[in-house]
Amino acid sequence: MSGRYDAAVVGGGVSGLAAASLLAKAGLKTVLLEQDAALAGPAGEPALRALDPRLVRELKLAKRGMKFSSRDLAAAVPRAGGQPALINRDRHATARSLAALSPADAAAFAAWRREFYALARALRPSWWDGASLAETAADLKPVHRDLLQRLGVTSAACFLAATFESDALRAALAFDAAACGFAPSESGSALALLWSAAQEMCGLQGAVAIPRGGLGGVAQALSQAAEAAGAELRTGATVSRLTLTDGRLAGVELAAGEQIAAPLVLSTLSRRRTLEGLAPTALIGLGAAQALRRPVAETGSVTLVFGLNRAPDFAGGLADRRIVIAERLETYEAAFTAARLGQTPHEPVLELILPPAEGAAEQLASRLMLCVRVWPVPLGDAFQRDSLVQTVTQMIARRVPGFAAASCDVLPPRAAAPSVARLSASAEARIATPIRGLFLCGGEAEPADAISGRAARQAAHAALALHRSGGLK
Amino acid sequence: MIRATPFHARTAEANRANLWTARNGFTLAAQFSDAAQEAAAARFGVVMADISWRWRVVLDGARTRELVQRLFTKDAAALTPGQALKALWLSDGGGVRGAGVVARHGRQAFQLVAAAEDAGWIAAAASLFGVALRDMTEEEGGLALVGPYAAKLVTALGLDAALEPLAFRTVAWRGLDVTLSRFGEHGGYELWCKADDAPLVWDRVAQAGAAFAALPAGLDATDTLDLEAGVPRPGRDYDGASDADAAEPLAGELRLASLIDADHLAFNGRAAALAAMPRRKLVGVVLDSATPAPFTPLLANGVVVGLTLSSRYAPTLRCAIALAQVDEAHAAPGTPLTLTLPASRDLLPTVAAASVTDLPFLPPPDPIPG
């Protein structure tokens, strides 16, 4: 069996489904190829940090059952023997809450947050519409341009330490940089901090939201959109390589040997896996292939899902909160150093989220799930599942009284390849490959690692433009 | 660290001028007695030149054929053992990284001989194909025999001079294993031997060459020959592309387009190289002045239309000549151009005349039939 299509999308996650929906909606005969048996996969990570608002609008996701059980989680910083400090949207309430940590920080917070978010908003053309950072910077107010220039060369650690004195607050704010894969002392991590602040969830700037059903719930809505648009969704289809005719991209070949003809291919895989794993060496230049070969320390994050029999007694409760466990900036340094050396960190950085129980089945089982995102972990052979679970369990038990896990699932780790160049490049540079007709649309085509569907939208539009211009003939 | 070639003991003895120069990191005789005399001998008699400084690597592995097809601008995998071809290797953006001779040694083994080293690129490409790369530059010596009497000298050495250009043959020669090849641009021969055998090979050639008044030739003389033949060399006349994406220098602007086989589909940088539009042309200019420094602007009616590359005094033509890159519109033979030479001790800045000529300046000498 083989087929002829206008476009093929490799990978069936949120990004792949979004790209396939947009292409099919524009009238292209599109096939999506997912290697797993199910499209959306398990519920996966509970929280989303960014979701492209235009994608939500274009695909009418809200009408297709995408709902949020929590739209804006406050970050909670645990404090020994007291209520946790809460960082939320109300900057004056946050300032009051921070007074327990440090009065000076509480005084500085509101103004800092206002300025920082204003700059982040001003940079939205760059990170949502695809202009490069340099192009956007030209239109900024002078005061913002100066701040951006400073953020471009400094680290999150230096930047935060210049404003705040409390270790706990610095560490909690630096979490946003770590969530993009940057150690807070790396250059460029301040830019990642800014990027996080420029994201949008449910119409709120810099929010973290819990979609109903987790990431799987979003994927569900997207797959409905894809089917409604007429895209063909195929599961159990592993793409083994890209095929060529006359030195041009012709389509993909599946592991089963099936040929799928499609002059446009959108890949949700990383640049390295797409170009090194799928592309015949003849398609990319020797220099580009060598650059891909350069060894990098593979680190990333992993989500552990603990099954609980009863809610833990965390001071102030766990509803609408995300608890960030990072004692001080140095905690990140030790953890990132260990992970890059291929060791499981003794004290990784944790983000705890207790998604609200929904549906009769879960209430019947009276099971609660505590989702714990762990940063950073070494990947590949160095990933030690058991010792990581042990470390994390102990860390939580020390801070959350009454924590007793009945079970623990480890979701597949996600690689993070942070790069300042990617943060400041234009969308075109992020999604383009040396091969005509091949685009990247996954997490690595985003300015920083995130699942937002933005790269999928940009790649789909670039592919459509190429299709319509007749550039593939 | 200074590297000496395997012939250094002999060249040091023969170097009466005691003038030395360096290329590819090797110490080499610039001239043994008189460069003009050596260049004239290469044109009318025969000279022996130490070419051990050429960068040589052997590529060997199961996927070497794929590698050479991907690397070089001609299909080296189509060669039979004992044959060679001249080819370029390009960056992803189509810029010329280097040029050399690719010789097929066996089913899987290929050798690259090049005037400039590009080890990083070739080694990285080899590792992509799991091919082992062995640098032979210091393990073997090379002696070029150049001039119309070269074939006669080879015969006098007791070797079979019947060898096509761009072919080579490994032979047992009175107790030594040597390779006789014809890779050069000037119609001569090359003898390649183990480094330890080099003094013996030099002595044998010098002894047999005495009957033909063979002279040792230094680098100045061989560079003069290259220039007269209009052969640009990487490292000396142009800098090869060093970035992976570099689109320059263009083969078409270096008179190297003939080394790109458009029908060969696999080579790196093909699309970019074939799409590139050369704006300049490599030509020769004959000067009525001293030799200008490299990259001296060439003017037509006061407008810069090109640059000189290397230049030398050509003893055969009795004038200074230079390779130059000139805009297509001014590249016709006979076009008069001017250039300004800087002030020297005796002279104010001088405007000198230059005249465009076709390359080569001189055809290679016809061999004396054996």
# chains A, B, ... in the order shown; residues from 1 in each chain; ligands from 1
>>> closest_atom_pairs(of="chain A", to="chain B", cutoff="12 Å", atoms="only C-alpha atoms", output="CSV")
residue,atom,partner,partner_atom,distance
A:Thr245,CA,B:Leu265,CA,11.6
A:Asp246,CA,B:Leu265,CA,8.6
A:Gly247,CA,B:Leu265,CA,7.7
A:Arg248,CA,B:Ala271,CA,10.8
A:Glu276,CA,B:Leu128,CA,10.2
A:Pro280,CA,B:Ala266,CA,11.1
A:Thr281,CA,B:Arg70,CA,8.6
A:Ala282,CA,B:Ala266,CA,6.3
A:Leu283,CA,B:Asn268,CA,9.0
A:Ile284,CA,B:Asp92,CA,8.1
A:Gly285,CA,B:Asp92,CA,4.8
A:Leu286,CA,B:Ala125,CA,6.3
A:Gly287,CA,B:Ala244,CA,4.8
A:Ala288,CA,B:Ala244,CA,7.1
A:Ala289,CA,B:Leu128,CA,7.8
A:Gln290,CA,B:Ala124,CA,6.4
A:Ala291,CA,B:Ala244,CA,8.9
A:Leu292,CA,B:Leu128,CA,10.5
A:Arg293,CA,B:Leu128,CA,8.2
A:Arg294,CA,B:Ala124,CA,10.2
A:Pro434,CA,B:Asp92,CA,9.5
A:Ile435,CA,B:Ala271,CA,11.3
A:Arg436,CA,B:Ala271,CA,11.6
>>> residues_around(residues="region 234-237 of chain B", least_positions_apart="2", cutoff="6 Å", atoms="only C-alpha atoms", output="ChimeraX atom specification")
/B:116,232,239-240,309-310
>>> select_by_dssp(residues="region 29-267 of chain B", states="strand (DSSP E or B)", output="ChimeraX atom specification")
/B:29-31,47-50,55-60,72,83-90,96-104,110-114,132-135,140-146,167-173,176-181,189-194,215-217,234,238
>>> atom_distance(atom1="CA of Ala272 (chain B)", atom2="CA of Ala455 (chain A)")
27.8 Å
>>> atom_distance(atom1="CA of Thr94 (chain A)", atom2="CA of Ser301 (chain A)")
28.0 Å
>>> residues_around(residues="region 28-40 of chain A", least_positions_apart="2", cutoff="6 Å", atoms="only C-alpha atoms", output="compact mmCIF listing (two decimals) with N, CA and C atoms, in the first residue's frame")
# COMPACT_ATOMS: atom_id res chain seq x y z
N TYR A 5 0.25 12.22 -1.27
CA TYR A 5 -0.31 13.30 -0.47
C TYR A 5 0.38 14.59 -0.85
N ASP A 6 -0.20 15.70 -0.40
CA ASP A 6 0.48 16.98 -0.56
C ASP A 6 1.48 17.19 0.55
N ALA A 7 1.13 16.69 1.76
CA ALA A 7 2.01 16.91 2.90
C ALA A 7 1.94 15.73 3.85
N ALA A 8 3.08 15.43 4.47
CA ALA A 8 3.12 14.39 5.50
C ALA A 8 3.66 15.03 6.77
N VAL A 9 3.06 14.69 7.91
CA VAL A 9 3.52 15.20 9.19
C VAL A 9 4.05 14.02 9.99
N VAL A 10 5.30 14.14 10.46
CA VAL A 10 5.91 13.05 11.21
C VAL A 10 5.73 13.34 12.70
N GLY A 11 5.03 12.50 13.40
CA GLY A 11 4.84 12.64 14.85
C GLY A 11 3.44 13.15 15.16
N GLY A 12 2.82 12.52 16.16
CA GLY A 12 1.41 12.81 16.40
C GLY A 12 1.12 13.47 17.73
N LEU A 23 -2.77 22.31 7.85
CA LEU A 23 -2.52 22.01 6.43
C LEU A 23 -3.78 21.46 5.77
N ALA A 24 -4.46 20.55 6.48
CA ALA A 24 -5.66 19.95 5.90
C ALA A 24 -6.75 21.01 5.73
N ALA A 26 -6.35 24.03 5.10
CA ALA A 26 -6.04 24.89 3.95
C ALA A 26 -6.24 24.15 2.64
N GLY A 216 -2.95 15.40 27.13
CA GLY A 216 -3.77 14.48 26.34
C GLY A 216 -5.09 15.12 25.97
N ALA A 219 -4.52 17.37 23.07
CA ALA A 219 -4.29 16.56 21.87
C ALA A 219 -5.60 15.99 21.35
N ALA A 231 -7.73 15.60 7.59
CA ALA A 231 -6.40 15.00 7.59
C ALA A 231 -6.53 13.51 7.89
N GLU A 232 -5.64 12.74 7.28
CA GLU A 232 -5.64 11.31 7.56
C GLU A 232 -4.67 11.06 8.70
N LEU A 233 -5.14 10.47 9.79
CA LEU A 233 -4.28 10.24 10.96
C LEU A 233 -3.96 8.75 11.03
N ARG A 234 -2.67 8.45 10.95
CA ARG A 234 -2.30 7.04 10.97
C ARG A 234 -1.43 6.77 12.18
N THR A 235 -1.79 5.74 12.92
CA THR A 235 -0.99 5.35 14.08
C THR A 235 -0.22 4.09 13.72
N GLY A 236 0.78 3.77 14.55
CA GLY A 236 1.59 2.58 14.29
C GLY A 236 2.39 2.71 13.01
N ALA A 237 2.65 3.94 12.58
CA ALA A 237 3.39 4.15 11.34
C ALA A 237 4.73 4.81 11.68
N THR A 238 5.78 4.02 11.74
CA THR A 238 7.11 4.55 12.05
C THR A 238 7.79 4.98 10.76
>>> residues_around(residues="Ala293 (chain B)", least_positions_apart="4", cutoff="10 Å", atoms="only C-alpha atoms", output="PyMOL selection string")
chain B and resi 297+308-312+322+341-342
>>> residues_around(residues="region 48-52 of chain A", least_positions_apart="4", cutoff="6 Å", atoms="only C-alpha atoms", output="list in words")
Gln199, Glu200, Met201, Val208, Ala209, Ser452, Gly453 and Arg454 of chain A
>>> write_last_selection(atoms="N, CA and C atoms", output="short mmCIF file (atom, residue, chain, number, x, y, z; two decimals), in the first residue's frame")
data_model
loop_
_atom_site.label_atom_id
_atom_site.label_comp_id
_atom_site.auth_asym_id
_atom_site.auth_seq_id
_atom_site.Cartn_x
_atom_site.Cartn_y
_atom_site.Cartn_z
N GLN A 199 5.01 34.40 27.39
CA GLN A 199 4.07 33.37 26.96
C GLN A 199 2.65 33.71 27.38
N GLU A 200 1.73 33.05 26.74
CA GLU A 200 0.33 33.34 27.04
C GLU A 200 -0.43 32.02 27.18
N MET A 201 -1.22 31.95 28.23
CA MET A 201 -2.10 30.80 28.46
C MET A 201 -3.47 31.33 28.77
N VAL A 208 0.54 29.59 33.98
CA VAL A 208 0.66 28.15 33.85
C VAL A 208 -0.72 27.58 34.10
N ALA A 209 -1.25 26.81 33.14
CA ALA A 209 -2.63 26.34 33.26
C ALA A 209 -2.68 24.83 33.19
N SER A 452 3.55 24.35 22.44
CA SER A 452 2.61 25.45 22.31
C SER A 452 1.88 25.43 20.99
N GLY A 453 2.36 24.65 20.03
CA GLY A 453 1.74 24.64 18.72
C GLY A 453 2.13 25.82 17.85
N ARG A 454 2.94 26.73 18.40
CA ARG A 454 3.32 27.92 17.65
C ARG A 454 4.21 27.55 16.47
#
>>> closest_residue(among="B:Thr155, B:Ser355, B:Gln83, B:Thr316", to="Ala41 (chain B)", atoms="only C-alpha atoms")
B:Thr316
>>> select_by_dssp(residues="region 234-277 of chain B", states="helix (DSSP H, G or I)", output="list in words")
Ala251, Gly252, Glu253, Ala257, Ser258, Leu259, Arg270, Ala271, Ala272, Ala273, Leu274 and Ala275 of chain B
>>> atom_distance(atom1="CA of Ala460 (chain A)", atom2="CA of Val265 (chain A)")
9.9 Å
>>> closest_residue(among="A:Leu17, A:Leu148, A:Leu215, A:Ala110", to="Leu191 (chain A)", atoms="only C-alpha atoms")
A:Leu148
>>> residues_around(residues="Ser69 (chain A)", least_positions_apart="6", cutoff="6 Å", atoms="only C-alpha atoms", output="count of residues only")
3
>>> residues_around(residues="Pro125 (chain A)", least_positions_apart="6", cutoff="12 Å", atoms="only C-alpha atoms", output="PyMOL selection string")
chain A and resi 119+131-140+195+198-199+424+426-427
>>> write_last_selection(atoms="C-alpha atoms", output="JSON list (two decimals), in the first residue's frame")
[["chain", "number", "residue", "atom", "x", "y", "z"],
["A", 119, "LEU", "CA", 9.19, 44.32, 28.12],
["A", 131, "ALA", "CA", 10.45, 38.20, 13.66],
["A", 132, "SER", "CA", 13.98, 37.88, 14.95],
["A", 133, "LEU", "CA", 14.81, 39.49, 18.26],
["A", 134, "ALA", "CA", 17.03, 42.07, 16.59],
["A", 135, "GLU", "CA", 14.19, 43.18, 14.32],
["A", 136, "THR", "CA", 11.82, 43.55, 17.26],
["A", 137, "ALA", "CA", 14.39, 45.35, 19.37],
["A", 138, "ALA", "CA", 14.60, 48.12, 16.81],
["A", 139, "ASP", "CA", 11.00, 49.15, 17.60],
["A", 140, "LEU", "CA", 11.32, 49.06, 21.38],
["A", 195, "TRP", "CA", 10.61, 34.40, 27.11],
["A", 198, "ALA", "CA", 6.06, 36.58, 27.20],
["A", 199, "GLN", "CA", 4.07, 33.37, 26.96],
["A", 424, "SER", "CA", 16.86, 35.28, 19.24],
["A", 426, "SER", "CA", 13.49, 34.39, 13.46],
["A", 427, "ALA", "CA", 10.83, 31.72, 13.15]]
>>> closest_residue(among="B:Ala172, B:Leu362, B:Val305, B:Met136", to="Trp55 (chain B)", atoms="only C-alpha atoms")
B:Met136
>>> closest_atom_pairs(of="region 303-354 of chain B", to="region 22-37 of chain B", cutoff="10 Å", atoms="only C-alpha atoms", output="Markdown table")
| residue | atom | partner | partner_atom | distance |
| --- | --- | --- | --- | --- |
| B:Tyr313 | CA | B:Ala36 | CA | 8.6 |
| B:Ala314 | CA | B:Ala36 | CA | 7.9 |
| B:Pro315 | CA | B:Ala36 | CA | 5.6 |
| B:Thr316 | CA | B:Ala36 | CA | 8.4 |
>>> write_last_selection(atoms="C-alpha atoms", output="PDB file, in the first residue's frame")
ATOM      1  CA  TYR B 313      58.949  37.209 -12.936  1.00  0.00           C
ATOM      2  CA  ALA B 314      58.661  34.695 -15.763  1.00  0.00           C
ATOM      3  CA  PRO B 315      62.185  34.024 -17.036  1.00  0.00           C
ATOM      4  CA  THR B 316      60.916  32.478 -20.266  1.00  0.00           C
TER       5      THR B 316
END
